[in-house]
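> My structure is stored as run-v3.cif, with mmCIF, C-alpha atoms.
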data_start
#
loop_
_atom_site.label_atom_id
_atom_site.label_comp_id
_atom_site.auth_asym_id
_atom_site.auth_seq_id
_atom_site.Cartn_x
_atom_site.Cartn_y
_atom_site.Cartn_z
CA MET A 44 -67.33 -2.72 20.39
CA LYS A 45 -65.28 -3.00 17.22
CA LYS A 46 -66.46 0.48 16.31
CA LEU A 47 -64.76 2.02 19.37
CA ASP A 48 -62.12 4.59 18.47
CA PHE A 49 -59.08 3.86 20.63
CA LYS A 50 -56.75 5.54 18.14
CA LYS A 51 -57.87 9.12 18.80
CA GLY A 52 -56.54 8.99 22.36
CA ASN A 53 -53.42 6.89 21.65
CA GLY A 54 -55.04 3.65 22.79
CA LEU A 55 -57.10 5.19 25.58
CA ILE A 56 -60.77 6.17 25.76
CA PRO A 57 -62.12 8.44 28.52
CA VAL A 58 -64.71 6.75 30.74
CA ILE A 59 -67.39 8.75 32.55
CA VAL A 60 -68.47 6.92 35.70
CA GLN A 61 -72.00 7.48 36.99
CA ASP A 62 -73.75 6.16 40.10
CA VAL A 63 -76.76 4.04 39.08
CA ASN A 64 -78.81 5.17 42.09
CA SER A 65 -78.06 8.87 42.67
CA LYS A 66 -77.09 9.53 39.00
CA GLU A 67 -74.14 11.54 40.34
CA ILE A 68 -70.95 11.68 38.27
CA LEU A 69 -68.34 9.88 40.34
CA MET A 70 -65.13 10.23 38.33
CA LEU A 71 -63.51 10.28 34.92
CA ALA A 72 -60.95 7.58 34.15
CA TYR A 73 -59.41 5.99 31.05
CA ALA A 74 -59.72 2.53 29.50
CA ASN A 75 -57.63 0.72 26.95
CA GLU A 76 -59.04 -2.30 25.12
CA GLU A 77 -57.87 -4.71 27.81
CA ALA A 78 -59.52 -2.67 30.58
CA LEU A 79 -62.82 -2.63 28.70
CA GLU A 80 -62.64 -6.36 28.01
CA LYS A 81 -61.97 -7.10 31.70
CA THR A 82 -64.86 -4.81 32.68
CA LEU A 83 -67.26 -6.57 30.33
CA SER A 84 -66.11 -10.08 31.27
CA THR A 85 -66.00 -9.60 35.07
CA GLY A 86 -68.80 -7.07 35.57
CA TYR A 87 -66.49 -4.84 37.64
CA ALA A 88 -64.87 -1.58 36.54
CA TYR A 89 -61.30 -1.78 35.21
CA TYR A 90 -59.25 1.17 33.96
CA TRP A 91 -55.83 2.05 32.64
CA SER A 92 -53.89 4.17 35.12
CA ARG A 93 -52.09 6.91 33.19
CA SER A 94 -49.82 7.78 36.12
CA ARG A 95 -48.92 4.22 37.10
CA LYS A 96 -49.09 2.96 33.51
CA LYS A 97 -50.93 -0.23 34.34
CA LEU A 98 -54.27 -1.98 34.29
CA TRP A 99 -56.21 -1.20 37.44
CA MET A 100 -59.30 -2.75 39.00
CA LYS A 101 -61.10 0.04 40.85
CA GLY A 102 -61.31 -0.87 44.56
CA LYS A 103 -58.95 -3.84 44.40
CA THR A 104 -56.91 -2.48 47.32
CA SER A 105 -59.40 -0.02 48.88
CA GLY A 106 -62.45 -2.26 48.59
CA HIS A 107 -64.32 0.60 46.90
CA THR A 108 -65.35 -1.44 43.89
CA GLN A 109 -67.71 -0.49 41.08
CA LYS A 110 -70.18 -3.17 39.99
CA ILE A 111 -71.21 -2.53 36.40
CA ASN A 112 -74.85 -1.90 35.65
CA LEU A 113 -74.43 -0.65 32.09
CA VAL A 114 -71.71 0.26 29.61
CA ALA A 115 -72.55 2.70 26.82
CA THR A 116 -70.64 4.64 24.19
CA ASP A 117 -71.38 7.92 22.47
CA CYS A 118 -72.34 8.87 18.93
CA ASP A 119 -68.76 9.00 17.63
CA TYR A 120 -67.49 6.02 19.63
CA ASP A 121 -64.68 7.87 21.39
CA THR A 122 -66.05 8.01 24.95
CA LEU A 123 -67.42 5.37 27.31
CA LEU A 124 -69.97 5.59 30.11
CA TYR A 125 -69.94 3.09 32.99
CA VAL A 126 -73.07 3.17 35.13
CA VAL A 127 -72.11 1.50 38.40
CA GLN A 128 -73.05 0.43 41.89
CA GLN A 129 -70.36 2.21 43.90
CA LYS A 130 -69.19 0.55 47.13
CA GLY A 131 -67.95 3.19 49.59
CA PRO A 132 -66.55 6.50 48.31
CA ALA A 133 -65.37 6.74 44.69
CA CYS A 134 -62.73 9.38 45.39
CA HIS A 135 -59.34 8.62 46.92
CA THR A 136 -59.83 11.71 49.16
CA GLY A 137 -62.71 9.93 50.91
CA GLU A 138 -65.37 12.11 49.25
CA TYR A 139 -68.20 10.20 47.60
CA THR A 140 -67.52 11.74 44.20
CA CYS A 141 -64.33 13.20 42.72
CA PHE A 142 -66.35 16.23 41.53
CA HIS A 143 -66.59 18.02 44.86
CA ASN A 144 -64.91 21.28 43.78
CA LYS A 145 -67.41 23.85 42.53
CA LEU A 146 -66.33 26.79 40.34
CA THR A 147 -68.21 30.02 40.83
CA ILE A 148 -70.52 31.10 38.00
CA ARG A 149 -70.25 34.82 37.13
CA MET B 740 -59.57 27.93 38.44
CA LYS B 741 -55.84 28.57 38.51
CA LYS B 742 -55.42 25.04 39.82
CA LEU B 743 -56.85 23.51 36.63
CA ASP B 744 -54.43 21.26 34.79
CA PHE B 745 -54.61 22.18 31.10
CA LYS B 746 -51.10 20.84 30.48
CA LYS B 747 -51.92 17.13 30.85
CA GLY B 748 -54.15 17.22 27.75
CA ASN B 749 -52.04 19.66 25.67
CA GLY B 750 -54.21 22.66 26.56
CA LEU B 751 -57.50 20.78 26.65
CA ILE B 752 -59.56 19.44 29.55
CA PRO B 753 -62.39 16.92 29.02
CA VAL B 754 -65.81 18.23 30.02
CA ILE B 755 -68.58 15.90 31.15
CA VAL B 756 -71.98 17.44 30.39
CA GLN B 757 -74.92 16.47 32.59
CA ASP B 758 -78.60 17.46 32.37
CA VAL B 759 -79.61 19.33 35.55
CA ASN B 760 -83.12 17.85 35.52
CA SER B 761 -82.83 14.22 34.38
CA LYS B 762 -79.20 13.86 35.58
CA GLU B 763 -78.48 12.06 32.27
CA ILE B 764 -75.02 12.33 30.75
CA LEU B 765 -75.48 14.27 27.53
CA MET B 766 -72.01 14.34 25.97
CA LEU B 767 -68.28 14.63 26.52
CA ALA B 768 -66.50 17.59 24.97
CA TYR B 769 -63.23 19.48 25.49
CA ALA B 770 -62.45 22.97 26.80
CA ASN B 771 -59.36 25.10 26.56
CA GLU B 772 -58.91 28.07 28.91
CA GLU B 773 -60.75 30.45 26.58
CA ALA B 774 -63.76 28.11 26.30
CA LEU B 775 -63.98 27.84 30.08
CA GLU B 776 -63.68 31.60 30.52
CA LYS B 777 -66.45 32.22 27.96
CA THR B 778 -68.62 29.61 29.68
CA LEU B 779 -68.16 31.24 33.07
CA SER B 780 -68.65 34.79 31.78
CA THR B 781 -71.69 34.14 29.55
CA GLY B 782 -73.43 31.33 31.47
CA TYR B 783 -73.65 29.22 28.29
CA ALA B 784 -71.51 26.20 27.38
CA TYR B 785 -68.49 26.80 25.16
CA TYR B 786 -66.03 24.14 24.01
CA TRP B 787 -62.98 23.66 21.85
CA SER B 788 -63.77 21.63 18.76
CA ARG B 789 -60.91 19.16 18.19
CA SER B 790 -62.02 18.36 14.63
CA ARG B 791 -62.69 21.95 13.53
CA LYS B 792 -59.90 23.38 15.72
CA LYS B 793 -61.90 26.34 16.95
CA LEU B 794 -63.88 27.74 19.85
CA TRP B 795 -67.47 26.61 19.69
CA MET B 796 -70.63 27.77 21.45
CA LYS B 797 -72.90 24.75 21.76
CA GLY B 798 -76.15 25.44 19.94
CA LYS B 799 -75.02 28.64 18.22
CA THR B 800 -76.18 27.33 14.83
CA SER B 801 -78.61 24.54 15.90
CA GLY B 802 -80.26 26.50 18.72
CA HIS B 803 -79.60 23.55 21.06
CA THR B 804 -77.86 25.64 23.70
CA GLN B 805 -76.74 24.60 27.15
CA LYS B 806 -77.44 27.09 29.96
CA ILE B 807 -74.98 26.53 32.77
CA ASN B 808 -76.28 25.60 36.18
CA LEU B 809 -72.98 24.57 37.73
CA VAL B 810 -69.35 24.06 36.80
CA ALA B 811 -67.27 21.70 38.93
CA THR B 812 -63.83 20.10 38.70
CA ASP B 813 -62.51 16.85 40.09
CA CYS B 814 -60.00 16.01 42.81
CA ASP B 815 -56.95 16.29 40.56
CA TYR B 816 -58.20 19.27 38.53
CA ASP B 817 -57.91 17.60 35.13
CA THR B 818 -61.61 17.14 34.29
CA LEU B 819 -64.59 19.51 34.26
CA LEU B 820 -68.29 18.91 34.82
CA TYR B 821 -70.90 21.24 33.32
CA VAL B 822 -74.40 20.75 34.73
CA VAL B 823 -76.75 22.34 32.19
CA GLN B 824 -80.27 23.12 31.10
CA GLN B 825 -80.30 21.51 27.66
CA LYS B 826 -82.48 23.11 24.99
CA GLY B 827 -83.59 20.50 22.44
CA PRO B 828 -81.44 17.40 21.82
CA ALA B 829 -77.77 17.46 22.84
CA CYS B 830 -76.62 15.06 20.11
CA HIS B 831 -76.12 16.05 16.49
CA THR B 832 -77.93 12.83 15.50
CA GLY B 833 -81.15 14.22 17.01
CA GLU B 834 -81.01 11.88 20.02
CA TYR B 835 -81.38 13.59 23.39
CA THR B 836 -78.04 12.29 24.64
CA CYS B 837 -74.92 11.23 22.73
CA PHE B 838 -74.75 8.09 24.89
CA HIS B 839 -77.47 6.10 23.15
CA ASN B 840 -75.34 3.09 22.20
CA LYS B 841 -75.42 0.37 24.84
CA LEU B 842 -72.72 -2.33 25.02
CA THR B 843 -73.82 -5.76 26.16
CA ILE B 844 -72.61 -6.90 29.56
CA ARG B 845 -71.30 -10.50 29.61
#
Turn this file's structure into structure tokens for me.

Amino acid sequence: MKKLDFKKGNGLIPVIVQDVNSKEILMLAYANEEALEKTLSTGYAYYWSRSRKKLWMKGKTSGHTQKINLVATDCDYDTLLYVVQQKGPACHTGEYTCFHNKLTIR
Amino acid sequence: MKKLDFKKGNGLIPVIVQDVNSKEILMLAYANEEALEKTLSTGYAYYWSRSRKKLWMKGKTSGHTQKINLVATDCDYDTLLYVVQQKGPACHTGEYTCFHNKLTIR
């Protein structure tokens, strides 16, 4: 954890969020050190909200929490992966995943 | 595609890369508009290298290319998802995925 590179993103690391069962990508969010520490100590996903500029427990108001199954980081320690048990939809639009907009290929 | 928000990240959008078969997360990279256009027009994954500051076709030198199966974007148009057929390992370390470092939970 000390190896994590929070400097590259001005204190924030992007977090890929994946469903442990379906393996679908649910969302991309950002964590500062405090958000990661809270995630690791509570077992539930915490993030830093860039728009609201505050620590945020996913699902605290909506109930759509993310129970952590695994936290991993990549080869250069500048990205995180949370593998989670998603309760209800992950997206604020009510869709299960935030990645519901397909771009046409060719 | 016109909806995509390249401004938030100073011209770059993070790209989550997922294996179409195993559903594993392979890596996180960044795309500018040109990289996305090349990806859509050629059917192979292109990125913007932040360290080398240039357009980069994944696997051009290593042969470890990523054939595009699907490109999607998220609900607020500031993240991309490439679902790919990965040839060889995705990570420069020789590991199949860049996310091979697990953090302990609790």
> Could you list, as a PyMOL selection string, every residue matched by the PyMOL selection byres ((chain A) within 6 of (chain B)) in this structure?
chain A and resi 66+83-84+114-118+141-142+144-146+148-149
> Kindly resolve the PyMOL selection byres ((chain A and resi 63) around 6) on the present coordinates and return the residues as a ChimeraX atom specification.
/A:62,64,66,126-128
> Those same residues, written as an mmCIF file, keeping the file's coordinate frame with C-alpha atoms?

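The new file result17.cif reads:
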data_model
loop_
_atom_site.group_PDB
_atom_site.id
_atom_site.type_symbol
_atom_site.label_atom_id
_atom_site.label_comp_id
_atom_site.auth_asym_id
_atom_site.auth_seq_id
_atom_site.Cartn_x
_atom_site.Cartn_y
_atom_site.Cartn_z
ATOM 1 C CA ASP A 62 -73.750 6.160 40.100
ATOM 2 C CA ASN A 64 -78.810 5.170 42.090
ATOM 3 C CA LYS A 66 -77.090 9.530 39.000
ATOM 4 C CA VAL A 126 -73.070 3.170 35.130
ATOM 5 C CA VAL A 127 -72.110 1.500 38.400
ATOM 6 C CA GLN A 128 -73.050 0.430 41.890
#
> I'd like to see the residues matched by the PyMOL selection byres ((chain B and resi 785) around 8) on this file, and ideally I'd get them as an MDAnalysis selection string.
chainID B and resid 770 774:775 777:778 783:784 786:787 794:797
> One decimal, in Å: what's the spacing between atom CA of B:Gly750 and atom CA of A:Lys51?
16.0 Å
> May I ask for the distance between atom CA of A:Arg93 and atom CA of A:Ala133, given in Å to one decimal place?
17.6 Å
> Have a look at A:Phe49, A:Thr108, A:Arg95, A:Gly131 and name the one nearest to A:Glu77; count only C-alpha atoms.
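Smallest separation from A:Glu77 among the options: A:Phe49.
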> Quick one, how far is atom CA of B:Tyr769 from atom CA of B:Leu751?
6.0 Å
> Using only C-alpha atoms, which residue out of B:Gln825, B:Lys742, B:Asn771, B:Tyr835 lies closest to B:Lys792?
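Residue with the minimum atom-to-atom distance to B:Lys792: B:Asn771.
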> Export chain B, C-alpha atoms, as a CSV table (one decimal), in the first residue's frame; it's the structure right above.

chain,number,residue,atom,x,y,z
B,740,MET,CA,-19.0,10.2,-29.3
B,741,LYS,CA,-19.5,13.9,-29.4
B,742,LYS,CA,-20.8,13.7,-25.9
B,743,LEU,CA,-17.5,12.4,-24.6
B,744,ASP,CA,-15.9,14.6,-21.9
B,745,PHE,CA,-12.2,15.0,-22.8
B,746,LYS,CA,-12.0,18.3,-21.0
B,747,LYS,CA,-12.2,16.9,-17.4
B,748,GLY,CA,-8.9,15.1,-17.8
B,749,ASN,CA,-7.1,17.8,-19.9
B,750,GLY,CA,-7.7,16.0,-23.2
B,751,LEU,CA,-7.5,12.5,-21.8
B,752,ILE,CA,-10.1,9.9,-20.8
B,753,PRO,CA,-9.2,6.8,-18.8
B,754,VAL,CA,-9.9,3.5,-20.6
B,755,ILE,CA,-10.7,0.3,-18.7
B,756,VAL,CA,-9.5,-2.7,-20.7
B,757,GLN,CA,-11.4,-6.0,-20.2
B,758,ASP,CA,-10.8,-9.4,-21.8
B,759,VAL,CA,-13.8,-10.5,-23.8
B,760,ASN,CA,-13.4,-14.1,-22.9
B,761,SER,CA,-12.3,-14.3,-19.2
B,762,LYS,CA,-13.9,-10.9,-18.3
B,763,GLU,CA,-10.6,-10.1,-16.4
B,764,ILE,CA,-9.5,-6.5,-16.1
B,765,LEU,CA,-6.3,-6.3,-18.1
B,766,MET,CA,-5.1,-2.7,-17.6
B,767,LEU,CA,-6.1,1.0,-17.4
B,768,ALA,CA,-4.8,3.3,-20.0
B,769,TYR,CA,-5.7,6.8,-21.4
B,770,ALA,CA,-7.1,7.9,-24.7
B,771,ASN,CA,-7.2,11.3,-26.4
B,772,GLU,CA,-9.6,11.9,-29.3
B,773,GLU,CA,-7.1,10.7,-31.9
B,774,ALA,CA,-6.4,7.4,-30.0
B,775,LEU,CA,-10.2,6.8,-29.8
B,776,GLU,CA,-10.7,7.6,-33.5
B,777,LYS,CA,-7.8,5.2,-34.5
B,778,THR,CA,-9.3,2.5,-32.3
B,779,LEU,CA,-12.7,2.8,-33.8
B,780,SER,CA,-11.4,3.0,-37.4
B,781,THR,CA,-8.8,0.2,-37.2
B,782,GLY,CA,-10.5,-2.2,-34.7
B,783,TYR,CA,-7.3,-2.3,-32.6
B,784,ALA,CA,-6.6,-0.6,-29.3
B,785,TYR,CA,-4.8,2.7,-29.4
B,786,TYR,CA,-3.9,4.9,-26.4
B,787,TRP,CA,-2.1,8.0,-25.5
B,788,SER,CA,1.1,7.3,-23.5
B,789,ARG,CA,1.3,9.8,-20.7
B,790,SER,CA,5.0,9.0,-20.0
B,791,ARG,CA,6.2,9.0,-23.6
B,792,LYS,CA,3.7,11.7,-24.6
B,793,LYS,CA,2.7,10.1,-27.9
B,794,LEU,CA,0.0,8.0,-29.6
B,795,TRP,CA,0.6,4.3,-29.0
B,796,MET,CA,-0.9,1.2,-30.6
B,797,LYS,CA,-0.9,-1.5,-28.0
B,798,GLY,CA,1.3,-4.4,-29.2
B,799,LYS,CA,2.8,-2.6,-32.1
B,800,THR,CA,6.3,-3.6,-31.0
B,801,SER,CA,5.6,-6.5,-28.6
B,802,GLY,CA,2.9,-8.2,-30.8
B,803,HIS,CA,0.6,-8.2,-27.8
B,804,THR,CA,-2.3,-6.5,-29.6
B,805,GLN,CA,-5.8,-5.9,-28.5
B,806,LYS,CA,-8.5,-6.6,-31.1
B,807,ILE,CA,-11.6,-4.5,-30.2
B,808,ASN,CA,-14.8,-6.3,-29.5
B,809,LEU,CA,-16.8,-3.4,-28.0
B,810,VAL,CA,-16.2,0.2,-27.0
B,811,ALA,CA,-18.6,1.6,-24.3
B,812,THR,CA,-18.7,4.8,-22.2
B,813,ASP,CA,-20.2,5.5,-18.8
B,814,CYS,CA,-23.2,7.5,-17.7
B,815,ASP,CA,-21.3,10.8,-17.5
B,816,TYR,CA,-19.2,10.2,-20.6
B,817,ASP,CA,-15.8,10.6,-18.9
B,818,THR,CA,-14.6,7.0,-18.9
B,819,LEU,CA,-14.2,4.5,-21.7
B,820,LEU,CA,-14.4,0.7,-21.7
B,821,TYR,CA,-12.6,-1.4,-24.4
B,822,VAL,CA,-13.6,-5.0,-24.4
B,823,VAL,CA,-10.8,-6.8,-26.3
B,824,GLN,CA,-9.3,-10.1,-27.6
B,825,GLN,CA,-5.9,-9.9,-26.0
B,826,LYS,CA,-3.0,-11.5,-27.8
B,827,GLY,CA,-0.3,-12.7,-25.4
B,828,PRO,CA,0.0,-11.0,-22.0
B,829,ALA,CA,-1.4,-7.5,-21.5
B,830,CYS,CA,1.2,-6.5,-19.0
B,831,HIS,CA,4.8,-5.4,-19.8
B,832,THR,CA,6.0,-7.6,-16.9
B,833,GLY,CA,4.8,-10.7,-18.8
B,834,GLU,CA,1.8,-11.2,-16.5
B,835,TYR,CA,-1.5,-11.7,-18.2
B,836,THR,CA,-3.1,-8.8,-16.5
B,837,CYS,CA,-1.6,-5.6,-15.0
B,838,PHE,CA,-3.7,-6.2,-11.8
B,839,HIS,CA,-1.7,-9.0,-10.3
B,840,ASN,CA,-0.9,-7.2,-7.0
B,841,LYS,CA,-3.5,-8.0,-4.3
B,842,LEU,CA,-4.0,-5.8,-1.2
B,843,THR,CA,-5.0,-7.5,2.0
B,844,ILE,CA,-8.5,-6.8,3.3
B,845,ARG,CA,-8.7,-6.1,7.0
